[in-house]
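Chemist: Please find upload-v7.txt (compact mmCIF, C-alpha atoms) on the next line:
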```txt
# COMPACT_ATOMS: atom_id res chain seq x y z
CA MET N 1 -2.02 -40.23 -32.04
CA PRO N 2 -2.54 -43.99 -32.30
CA GLU N 3 -3.86 -45.30 -35.60
CA ALA N 4 -6.73 -47.77 -35.35
CA ASP N 5 -5.87 -51.35 -36.25
CA TYR N 6 -8.12 -54.23 -37.30
CA GLY N 7 -9.17 -54.98 -33.72
CA ARG N 8 -10.39 -51.43 -33.14
CA ARG N 9 -12.45 -50.92 -36.30
CA VAL N 10 -16.22 -51.24 -36.39
CA PHE N 11 -18.12 -51.56 -39.65
CA VAL N 12 -21.40 -49.68 -39.23
CA ASN N 13 -24.12 -51.11 -41.46
CA CYS N 14 -27.18 -48.91 -40.89
CA PRO N 15 -29.71 -46.95 -42.91
CA PHE N 16 -28.27 -43.59 -43.95
CA ASP N 17 -31.53 -41.73 -44.42
CA LYS N 18 -32.77 -38.67 -42.57
CA GLU N 19 -35.20 -40.65 -40.37
CA TYR N 20 -32.42 -42.84 -39.02
CA ARG N 21 -29.77 -40.14 -38.73
CA HIS N 22 -30.29 -39.48 -35.01
CA LEU N 23 -29.62 -43.16 -34.24
CA PHE N 24 -26.74 -43.42 -36.68
CA GLU N 25 -24.92 -40.44 -35.19
CA ALA N 26 -25.48 -41.70 -31.63
CA ILE N 27 -24.14 -45.15 -32.56
CA VAL N 28 -21.05 -43.64 -34.17
CA PHE N 29 -20.50 -41.50 -31.07
CA ALA N 30 -20.76 -44.55 -28.78
CA VAL N 31 -18.30 -46.51 -30.92
CA HIS N 32 -15.71 -43.74 -30.68
CA ASP N 33 -16.34 -43.01 -27.01
CA CYS N 34 -15.60 -46.68 -26.30
CA GLY N 35 -12.23 -46.25 -28.01
CA TYR N 36 -13.08 -47.80 -31.38
CA VAL N 37 -13.30 -46.31 -34.87
CA ALA N 38 -16.47 -46.38 -36.97
CA ARG N 39 -16.15 -47.23 -40.65
CA CYS N 40 -18.93 -47.21 -43.22
CA ALA N 41 -19.62 -46.92 -46.91
CA LEU N 42 -20.13 -43.15 -46.57
CA GLU N 43 -16.47 -42.54 -45.78
CA VAL N 44 -15.34 -42.82 -49.40
CA ASP N 45 -16.95 -40.82 -52.15
CA ASP N 46 -15.20 -42.28 -55.13
CA GLY N 47 -17.48 -42.76 -58.09
CA SER N 48 -14.91 -44.95 -59.81
CA GLU N 49 -15.08 -47.62 -57.11
CA VAL N 50 -17.89 -50.17 -57.40
CA ARG N 51 -20.03 -50.03 -54.26
CA ILE N 52 -19.79 -53.72 -53.38
CA GLU N 53 -16.00 -53.55 -53.70
CA LYS N 54 -15.95 -50.60 -51.32
CA VAL N 55 -18.21 -52.36 -48.82
CA ALA N 56 -16.22 -55.62 -49.02
CA ARG N 57 -12.94 -53.76 -48.52
CA ILE N 58 -14.25 -51.97 -45.42
CA ILE N 59 -15.74 -55.19 -44.01
CA GLY N 60 -12.36 -56.88 -44.50
CA ASP N 61 -10.69 -54.04 -42.56
CA CYS N 62 -12.96 -54.37 -39.52
CA LYS N 63 -13.03 -56.95 -36.75
CA PHE N 64 -16.40 -55.70 -35.54
CA GLY N 65 -19.63 -55.23 -37.43
CA LEU N 66 -22.73 -53.42 -36.27
CA HIS N 67 -25.77 -54.25 -38.37
CA ASP N 68 -29.12 -52.57 -37.94
CA ILE N 69 -31.74 -54.53 -39.82
CA SER N 70 -34.68 -52.53 -38.48
CA ARG N 71 -35.49 -50.78 -41.76
CA THR N 72 -38.01 -53.20 -43.23
CA ASP N 73 -40.59 -50.68 -44.40
CA PRO N 74 -40.94 -50.09 -48.15
CA ASP N 75 -39.13 -47.06 -49.50
CA VAL N 76 -41.51 -44.09 -49.81
CA ALA N 77 -40.37 -43.29 -53.35
CA THR N 78 -40.29 -46.80 -54.83
CA GLY N 79 -42.72 -48.72 -52.62
CA LEU N 80 -40.09 -51.46 -52.31
CA PRO N 81 -38.09 -52.54 -49.25
CA ARG N 82 -34.32 -52.00 -49.24
CA PHE N 83 -32.12 -55.06 -48.83
CA ASN N 84 -28.70 -53.45 -48.45
CA MET N 85 -28.45 -53.96 -44.68
CA PRO N 86 -29.29 -57.70 -44.63
CA PHE N 87 -27.06 -58.17 -47.70
CA GLU N 88 -24.07 -56.50 -46.02
CA LEU N 89 -24.71 -58.52 -42.86
CA GLY N 90 -24.48 -61.60 -45.08
CA VAL N 91 -21.16 -60.45 -46.55
CA PHE N 92 -19.85 -59.88 -43.00
CA LEU N 93 -20.98 -63.33 -41.81
CA GLY N 94 -19.53 -64.86 -44.98
CA ALA N 95 -16.14 -63.22 -44.28
CA LYS N 96 -16.22 -64.63 -40.76
CA ARG N 97 -17.23 -68.08 -41.99
CA PHE N 98 -14.89 -68.44 -44.95
CA GLY N 99 -12.13 -65.90 -44.28
CA ARG N 100 -8.65 -66.54 -42.92
CA THR N 101 -7.54 -66.36 -39.27
CA GLU N 102 -8.07 -62.64 -38.73
CA GLN N 103 -11.48 -62.68 -40.41
CA LYS N 104 -12.63 -65.59 -38.24
CA GLN N 105 -12.23 -63.35 -35.17
CA LYS N 106 -15.03 -61.12 -36.40
CA SER N 107 -17.76 -60.19 -33.95
CA CYS N 108 -21.08 -58.62 -34.77
CA LEU N 109 -23.99 -56.89 -33.13
CA ILE N 110 -27.33 -57.17 -34.90
CA LEU N 111 -29.86 -54.53 -33.97
CA ASP N 112 -33.57 -54.34 -34.59
CA VAL N 113 -36.44 -52.36 -33.12
CA GLU N 114 -37.90 -55.35 -31.27
CA PRO N 115 -36.13 -58.48 -29.98
CA TYR N 116 -37.79 -61.29 -32.00
CA ARG N 117 -39.28 -59.47 -34.97
CA TYR N 118 -36.39 -60.48 -37.29
CA GLN N 119 -37.51 -64.13 -37.13
CA LYS N 120 -40.37 -63.16 -39.42
CA PHE N 121 -38.24 -61.62 -42.17
CA LEU N 122 -34.71 -63.04 -41.71
CA SER N 123 -35.20 -66.48 -40.20
CA ASP N 124 -31.79 -67.72 -41.43
CA ILE N 125 -30.18 -65.89 -38.52
CA ALA N 126 -32.58 -67.33 -35.94
CA GLY N 127 -30.52 -68.51 -33.00
CA GLN N 128 -28.22 -65.51 -33.07
CA ASP N 129 -28.55 -62.87 -30.40
CA ILE N 130 -30.33 -59.78 -31.65
CA ALA N 131 -30.34 -56.63 -29.56
CA ALA N 132 -33.33 -54.30 -29.61
CA HIS N 133 -32.93 -50.53 -29.48
CA GLY N 134 -36.64 -49.63 -29.70
CA GLY N 135 -35.70 -46.70 -31.95
CA LYS N 136 -34.27 -44.88 -28.91
CA VAL N 137 -30.89 -43.19 -28.84
CA GLU N 138 -30.07 -44.08 -25.22
CA SER N 139 -30.95 -47.70 -25.79
CA ALA N 140 -28.84 -47.93 -28.97
CA ILE N 141 -25.86 -46.39 -27.13
CA SER N 142 -26.17 -48.94 -24.30
CA ARG N 143 -26.43 -51.87 -26.71
CA VAL N 144 -23.28 -50.75 -28.54
CA ARG N 145 -21.38 -50.14 -25.28
CA ASP N 146 -22.33 -53.52 -23.79
CA TRP N 147 -21.33 -55.35 -26.94
CA LEU N 148 -17.94 -53.62 -27.27
CA SER N 149 -17.20 -54.03 -23.55
CA ASN N 150 -16.94 -57.79 -24.09
CA ALA N 151 -13.86 -57.26 -26.24
CA ILE N 152 -12.02 -54.99 -23.80
CA ALA N 153 -9.59 -56.20 -21.14
CA THR N 154 -11.17 -56.16 -17.68
CA SER N 155 -8.34 -53.91 -16.44
CA ILE N 156 -9.76 -51.11 -18.58
CA ARG N 157 -12.79 -49.27 -17.32
CA LEU N 158 -15.44 -48.50 -19.90
CA PRO N 159 -18.12 -46.03 -18.80
CA GLY N 160 -21.72 -47.20 -18.65
CA GLY N 161 -24.31 -46.51 -21.34
CA GLU N 162 -25.87 -43.71 -19.34
CA ALA N 163 -22.54 -41.91 -18.94
CA ILE N 164 -21.86 -42.19 -22.68
CA ALA N 165 -25.38 -40.92 -23.44
CA ALA N 166 -24.77 -37.95 -21.11
CA ARG N 167 -21.59 -37.04 -23.00
CA TYR N 168 -23.45 -37.48 -26.27
CA ARG N 169 -26.18 -35.05 -25.20
CA ILE N 170 -23.57 -32.40 -24.45
CA PHE N 171 -21.73 -33.10 -27.70
CA ARG N 172 -25.01 -32.68 -29.61
CA ARG N 173 -25.67 -29.39 -27.87
CA GLU N 174 -22.21 -28.11 -28.76
CA LEU N 175 -22.08 -29.47 -32.32
CA PRO N 176 -24.10 -26.62 -33.92
CA VAL N 177 -21.77 -24.10 -32.28
CA MET N 178 -18.74 -25.91 -33.65
CA CYS N 179 -20.33 -26.10 -37.11
CA GLU N 180 -21.17 -22.41 -37.03
CA SER N 181 -17.55 -21.54 -36.35
CA TYR N 182 -16.62 -22.89 -39.78
CA SER N 183 -19.82 -21.81 -41.55
CA LEU N 184 -21.51 -25.18 -41.97
CA ARG N 185 -24.97 -26.33 -40.98
CA MET N 186 -25.18 -29.61 -39.12
CA ASP N 187 -27.01 -31.28 -42.01
CA GLU N 188 -24.14 -30.28 -44.31
CA LEU N 189 -21.59 -32.32 -42.39
CA THR N 190 -20.32 -35.30 -44.33
CA PHE N 191 -19.72 -38.57 -42.47
CA ASN N 192 -15.99 -37.81 -42.42
CA ASP N 193 -16.65 -34.29 -41.09
CA TYR N 194 -18.89 -35.64 -38.35
CA VAL N 195 -16.39 -38.28 -37.26
CA ALA N 196 -13.42 -35.92 -37.39
CA GLN N 197 -15.26 -33.32 -35.30
CA LEU N 198 -16.33 -36.04 -32.91
CA GLU N 199 -12.76 -37.33 -32.56
CA ASP N 200 -11.43 -33.84 -31.91
CA TRP N 201 -14.15 -33.18 -29.32
CA LEU N 202 -13.43 -36.46 -27.53
CA THR N 203 -9.70 -35.79 -27.57
CA GLN N 204 -10.32 -32.34 -26.15
CA ASN N 205 -12.59 -33.79 -23.47
CA PRO N 206 -10.99 -36.87 -21.99
CA ARG N 207 -12.60 -38.60 -19.06
CA VAL N 208 -10.91 -38.29 -15.72
CA ALA N 209 -9.98 -41.59 -14.05
CA VAL N 210 -11.16 -41.53 -10.45
CA MET W 1 -4.63 -47.54 -8.06
CA LYS W 2 -6.46 -45.51 -10.70
CA PRO W 3 -8.36 -47.54 -13.31
CA LYS W 4 -7.13 -47.43 -16.87
CA LEU W 5 -9.38 -45.71 -19.38
CA ARG W 6 -9.74 -46.55 -23.04
CA THR W 7 -7.60 -44.49 -25.43
CA ILE W 8 -9.65 -42.46 -27.89
CA MET W 9 -8.55 -43.24 -31.44
CA THR W 10 -8.16 -40.57 -34.08
CA THR W 11 -7.99 -41.02 -37.82
CA ASN W 12 -6.85 -39.12 -40.87
CA ARG W 13 -9.93 -38.49 -42.93
CA HIS W 14 -10.64 -36.40 -45.96
CA THR W 15 -12.85 -33.69 -44.48
CA SER W 16 -14.55 -30.75 -46.15
CA VAL W 17 -13.28 -28.45 -43.39
CA PRO W 18 -9.63 -28.12 -42.35
CA ARG W 19 -8.94 -30.32 -39.32
CA LYS W 20 -7.28 -27.36 -37.65
CA ALA W 21 -10.61 -25.50 -37.66
CA MET W 22 -12.33 -28.51 -36.10
CA ARG W 23 -9.77 -28.77 -33.33
CA ALA W 24 -10.12 -25.04 -32.66
CA ALA W 25 -13.93 -25.37 -32.56
CA ALA W 26 -13.73 -28.24 -30.05
CA LYS W 27 -11.33 -26.20 -27.94
CA ALA W 28 -13.62 -23.15 -28.03
CA VAL W 29 -16.78 -25.00 -26.90
CA THR W 30 -14.81 -26.70 -24.14
CA ALA W 31 -13.54 -23.36 -22.86
CA ALA W 32 -17.00 -21.77 -22.98
CA ARG W 33 -18.74 -24.55 -21.04
CA ASP W 34 -20.06 -24.06 -17.50
CA PRO W 35 -18.27 -26.03 -14.74
CA GLU W 36 -21.19 -28.36 -13.99
CA THR W 37 -21.51 -29.44 -17.62
CA ASP W 38 -17.75 -29.89 -17.77
CA ARG W 39 -17.88 -32.21 -14.77
CA ILE W 40 -20.45 -34.36 -16.57
CA VAL W 41 -18.30 -34.48 -19.69
CA ARG W 42 -15.28 -35.60 -17.63
CA GLY W 43 -17.31 -38.29 -15.92
CA LEU W 44 -17.15 -36.59 -12.52
CA ALA W 45 -20.89 -35.99 -12.17
CA SER W 46 -24.09 -37.72 -13.25
CA PRO W 47 -26.67 -35.79 -15.22
CA LYS W 48 -30.41 -35.95 -15.49
CA GLU W 49 -31.42 -34.16 -18.63
CA GLU W 50 -33.26 -34.64 -21.90
CA LEU W 51 -31.75 -34.95 -25.34
CA PRO W 52 -32.03 -31.86 -27.50
CA GLU W 53 -34.83 -32.03 -30.07
CA THR W 54 -32.40 -32.55 -32.97
CA ALA W 55 -31.01 -35.72 -31.43
CA ARG W 56 -34.13 -37.58 -30.47
CA LYS W 57 -37.03 -39.37 -32.08
```
Show this structure as structure tokens.

Modeler:
Amino acid sequence: MPEADYGRRVFVNCPFDKEYRHLFEAIVFAVHDCGYVARCALEVDDGSEVRIEKVARIIGDCKFGLHDISRTDPDVATGLPRFNMPFELGVFLGAKRFGRTEQKQKSCLILDVEPYRYQKFLSDIAGQDIAAHGGKVESAISRVRDWLSNAIATSIRLPGGEAIAARYRIFRRELPVMCESYSLRMDELTFNDYVAQLEDWLTQNPRVAV
Amino acid sequence: MKPKLRTIMTTNRHTSVPRKAMRAAAKAVTAARDPETDRIVRGLASPKEELPETARK
């Protein structure tokens, strides 16, 4: 099997909480169904590695970065907003701005719930294209697909957002059955488990070129 | 001429379940699927259906 190189890796910078999980998993599915590999801070669980080092290392490994800055509400437990997503977007843009040749090729997709809302809380990135997903799975899948399609040679056919969403619906329906076969609940899957199962499902179910 | 499709990438990850079991699970659900669903998965038919409750908001 081919190993993903720099040009096929996508850094996924999203909230990891339960409320966002349905969007996160759909985005990761879309990335892989488009032939890319999703990377994120959840993939390594090494307490000895400082978090920012881990994030910086993964950002350096990825040509693409997907940043969802929609989580602006205060945290229920602390009453304070979380700044990790905008911070990691800043690290990504910094790598693109100040990095060497390979890093300068970086491309990013910034997602929010509404198209122009970010101008009120992150005006430094005004002028950049922000895609809105409206909190909907199908919309998020289409945004990811359209963005990644720009980087693919025109000789390669990438299915449309609706076709990817259709495959995702079936994958979601079959995921609990797959989990049950090895005695795990879906909410017990780690990020690595989810991606590995997703990769194996996609490999088992290739599209037919017609 | 048939169009080229994108190669699906696979990775070596540290999983909590043996990869062999995951491959077998994917194989089993594929084999158990009805033909119409399988056609949708392969991109040979277009669906019109809702997301399961666990996957939507």

Chemist: If we count all atoms listed in the file, which residues of chain N reach to within 7 Å of chain W? Please list them as a ChimeraX atom specification.

Modeler: /N:1-4,22,32-37,136-137,155-158,166-167,169,172-174,178,181-182,192-193,197,199-201,203-210

Chemist: Report as a PyMOL selection string all protein, DNA and RNA residues lying within 10 Å of region 65-78 of chain N, evaluated on only C-alpha atoms, omitting residues in the same chain fewer than 4 positions from it.

Modeler: chain N and resi 9-15+20+24+27+31+38-40+59+82-89+92-93+106-114+117-118+121-122+130-135+144+147

Chemist: Keeping only C-alpha atoms, write the selected residues to a file as a compact mmCIF listing (two decimals), in the coordinates of the input.

Modeler:
```txt
# COMPACT_ATOMS: atom_id res chain seq x y z
CA ARG N 9 -12.45 -50.92 -36.30
CA VAL N 10 -16.22 -51.24 -36.39
CA PHE N 11 -18.12 -51.56 -39.65
CA VAL N 12 -21.40 -49.68 -39.23
CA ASN N 13 -24.12 -51.11 -41.46
CA CYS N 14 -27.18 -48.91 -40.89
CA PRO N 15 -29.71 -46.95 -42.91
CA TYR N 20 -32.42 -42.84 -39.02
CA PHE N 24 -26.74 -43.42 -36.68
CA ILE N 27 -24.14 -45.15 -32.56
CA VAL N 31 -18.30 -46.51 -30.92
CA ALA N 38 -16.47 -46.38 -36.97
CA ARG N 39 -16.15 -47.23 -40.65
CA CYS N 40 -18.93 -47.21 -43.22
CA ILE N 59 -15.74 -55.19 -44.01
CA ARG N 82 -34.32 -52.00 -49.24
CA PHE N 83 -32.12 -55.06 -48.83
CA ASN N 84 -28.70 -53.45 -48.45
CA MET N 85 -28.45 -53.96 -44.68
CA PRO N 86 -29.29 -57.70 -44.63
CA PHE N 87 -27.06 -58.17 -47.70
CA GLU N 88 -24.07 -56.50 -46.02
CA LEU N 89 -24.71 -58.52 -42.86
CA PHE N 92 -19.85 -59.88 -43.00
CA LEU N 93 -20.98 -63.33 -41.81
CA LYS N 106 -15.03 -61.12 -36.40
CA SER N 107 -17.76 -60.19 -33.95
CA CYS N 108 -21.08 -58.62 -34.77
CA LEU N 109 -23.99 -56.89 -33.13
CA ILE N 110 -27.33 -57.17 -34.90
CA LEU N 111 -29.86 -54.53 -33.97
CA ASP N 112 -33.57 -54.34 -34.59
CA VAL N 113 -36.44 -52.36 -33.12
CA GLU N 114 -37.90 -55.35 -31.27
CA ARG N 117 -39.28 -59.47 -34.97
CA TYR N 118 -36.39 -60.48 -37.29
CA PHE N 121 -38.24 -61.62 -42.17
CA LEU N 122 -34.71 -63.04 -41.71
CA ILE N 130 -30.33 -59.78 -31.65
CA ALA N 131 -30.34 -56.63 -29.56
CA ALA N 132 -33.33 -54.30 -29.61
CA HIS N 133 -32.93 -50.53 -29.48
CA GLY N 134 -36.64 -49.63 -29.70
CA GLY N 135 -35.70 -46.70 -31.95
CA VAL N 144 -23.28 -50.75 -28.54
CA TRP N 147 -21.33 -55.35 -26.94
```

Chemist: Kindly give the distance, in Å, that separates CA of Arg143 (chain N) and CA of Gly90 (chain N), rounded to a single decimal.

Modeler: 20.9 Å

Chemist: State, in Å with one decimal place, the distance from CA of Asp61 (chain N) to CA of Glu102 (chain N).

Modeler: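 CA of Glu102 (chain N) lies 9.8 Å from CA of Asp61 (chain N).
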
Chemist: Could you tell me how far CA of Gly7 (chain N) lies from CA of Lys63 (chain N), in Å and to one decimal?

Modeler: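 These atoms are spaced 5.3 Å apart.
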
Chemist: Between N:Asp146, N:Glu25, N:Glu49, N:Glu19, single out the one closest to Leu198 (chain N), counting only C-alpha atoms.

Modeler: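 Of N:Asp146, N:Glu25, N:Glu49, N:Glu19, the one nearest Leu198 (chain N), counting only C-alpha atoms, is N:Glu25.
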
Chemist: Since the input has fewer atoms than a full residue there, write region 35-46 of chain W out with all heavy atoms, as a compact mmCIF listing (two decimals), in the coordinates of the input.

Modeler:
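For reference, rebuild30.txt as written:
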```txt
# COMPACT_ATOMS: atom_id res chain seq x y z
N PRO W 35 -19.00 -25.00 -15.51
CA PRO W 35 -18.27 -26.03 -14.74
C PRO W 35 -19.08 -27.31 -14.50
O PRO W 35 -18.52 -28.40 -14.55
CB PRO W 35 -17.96 -25.34 -13.40
CG PRO W 35 -18.07 -23.88 -13.67
CD PRO W 35 -19.05 -23.72 -14.78
N GLU W 36 -20.38 -27.17 -14.27
CA GLU W 36 -21.19 -28.36 -13.99
C GLU W 36 -21.27 -29.28 -15.22
O GLU W 36 -21.12 -30.50 -15.12
CB GLU W 36 -22.60 -27.93 -13.54
CG GLU W 36 -23.49 -29.07 -13.08
CD GLU W 36 -22.84 -29.99 -12.03
OE1 GLU W 36 -22.04 -29.52 -11.18
OE2 GLU W 36 -23.13 -31.19 -12.10
N THR W 37 -21.48 -28.66 -16.38
CA THR W 37 -21.51 -29.44 -17.62
C THR W 37 -20.15 -30.10 -17.86
O THR W 37 -20.06 -31.25 -18.28
CB THR W 37 -21.87 -28.53 -18.82
OG1 THR W 37 -23.09 -27.86 -18.52
CG2 THR W 37 -22.04 -29.31 -20.09
N ASP W 38 -19.09 -29.35 -17.57
CA ASP W 38 -17.75 -29.89 -17.77
C ASP W 38 -17.49 -31.10 -16.88
O ASP W 38 -16.86 -32.07 -17.30
CB ASP W 38 -16.70 -28.79 -17.50
CG ASP W 38 -15.38 -29.14 -18.15
OD1 ASP W 38 -15.36 -29.32 -19.39
OD2 ASP W 38 -14.37 -29.27 -17.43
N ARG W 39 -18.03 -31.07 -15.69
CA ARG W 39 -17.88 -32.21 -14.77
C ARG W 39 -18.58 -33.45 -15.32
O ARG W 39 -18.10 -34.56 -15.18
CB ARG W 39 -18.44 -31.85 -13.38
CG ARG W 39 -17.51 -30.96 -12.57
CD ARG W 39 -18.17 -30.55 -11.25
NE ARG W 39 -18.56 -31.69 -10.43
CZ ARG W 39 -17.74 -32.43 -9.70
NH1 ARG W 39 -16.46 -32.15 -9.68
NH2 ARG W 39 -18.20 -33.43 -8.98
N ILE W 40 -19.73 -33.23 -15.96
CA ILE W 40 -20.45 -34.36 -16.57
C ILE W 40 -19.64 -34.94 -17.73
O ILE W 40 -19.48 -36.15 -17.85
CB ILE W 40 -21.86 -33.92 -17.04
CG1 ILE W 40 -22.71 -33.49 -15.85
CG2 ILE W 40 -22.55 -35.03 -17.82
CD1 ILE W 40 -23.97 -32.74 -16.21
N VAL W 41 -19.11 -34.04 -18.55
CA VAL W 41 -18.30 -34.48 -19.69
C VAL W 41 -17.10 -35.31 -19.22
O VAL W 41 -16.75 -36.33 -19.82
CB VAL W 41 -17.83 -33.26 -20.51
CG1 VAL W 41 -16.78 -33.68 -21.54
CG2 VAL W 41 -19.01 -32.60 -21.21
N ARG W 42 -16.49 -34.89 -18.14
CA ARG W 42 -15.28 -35.60 -17.63
C ARG W 42 -15.62 -36.85 -16.85
O ARG W 42 -14.74 -37.52 -16.34
CB ARG W 42 -14.46 -34.66 -16.73
CG ARG W 42 -14.16 -33.30 -17.29
CD ARG W 42 -13.06 -33.33 -18.30
NE ARG W 42 -12.96 -32.03 -18.95
CZ ARG W 42 -12.20 -31.78 -20.00
NH1 ARG W 42 -11.47 -32.73 -20.52
NH2 ARG W 42 -12.17 -30.59 -20.55
N GLY W 43 -16.91 -37.10 -16.67
CA GLY W 43 -17.31 -38.29 -15.92
C GLY W 43 -17.22 -38.09 -14.42
O GLY W 43 -17.12 -39.07 -13.67
N LEU W 44 -17.26 -36.86 -13.96
CA LEU W 44 -17.15 -36.59 -12.52
C LEU W 44 -18.50 -36.31 -11.88
O LEU W 44 -18.58 -36.13 -10.67
CB LEU W 44 -16.22 -35.38 -12.30
CG LEU W 44 -14.78 -35.58 -12.78
CD1 LEU W 44 -14.01 -34.26 -12.78
CD2 LEU W 44 -14.06 -36.62 -11.93
N ALA W 45 -19.54 -36.21 -12.70
CA ALA W 45 -20.89 -35.99 -12.17
C ALA W 45 -21.89 -36.70 -13.05
O ALA W 45 -21.64 -36.95 -14.24
CB ALA W 45 -21.19 -34.49 -12.13
N SER W 46 -23.03 -37.05 -12.48
CA SER W 46 -24.09 -37.72 -13.25
C SER W 46 -25.19 -36.74 -13.59
O SER W 46 -25.63 -35.99 -12.73
CB SER W 46 -24.69 -38.87 -12.45
OG SER W 46 -23.68 -39.76 -12.13
```
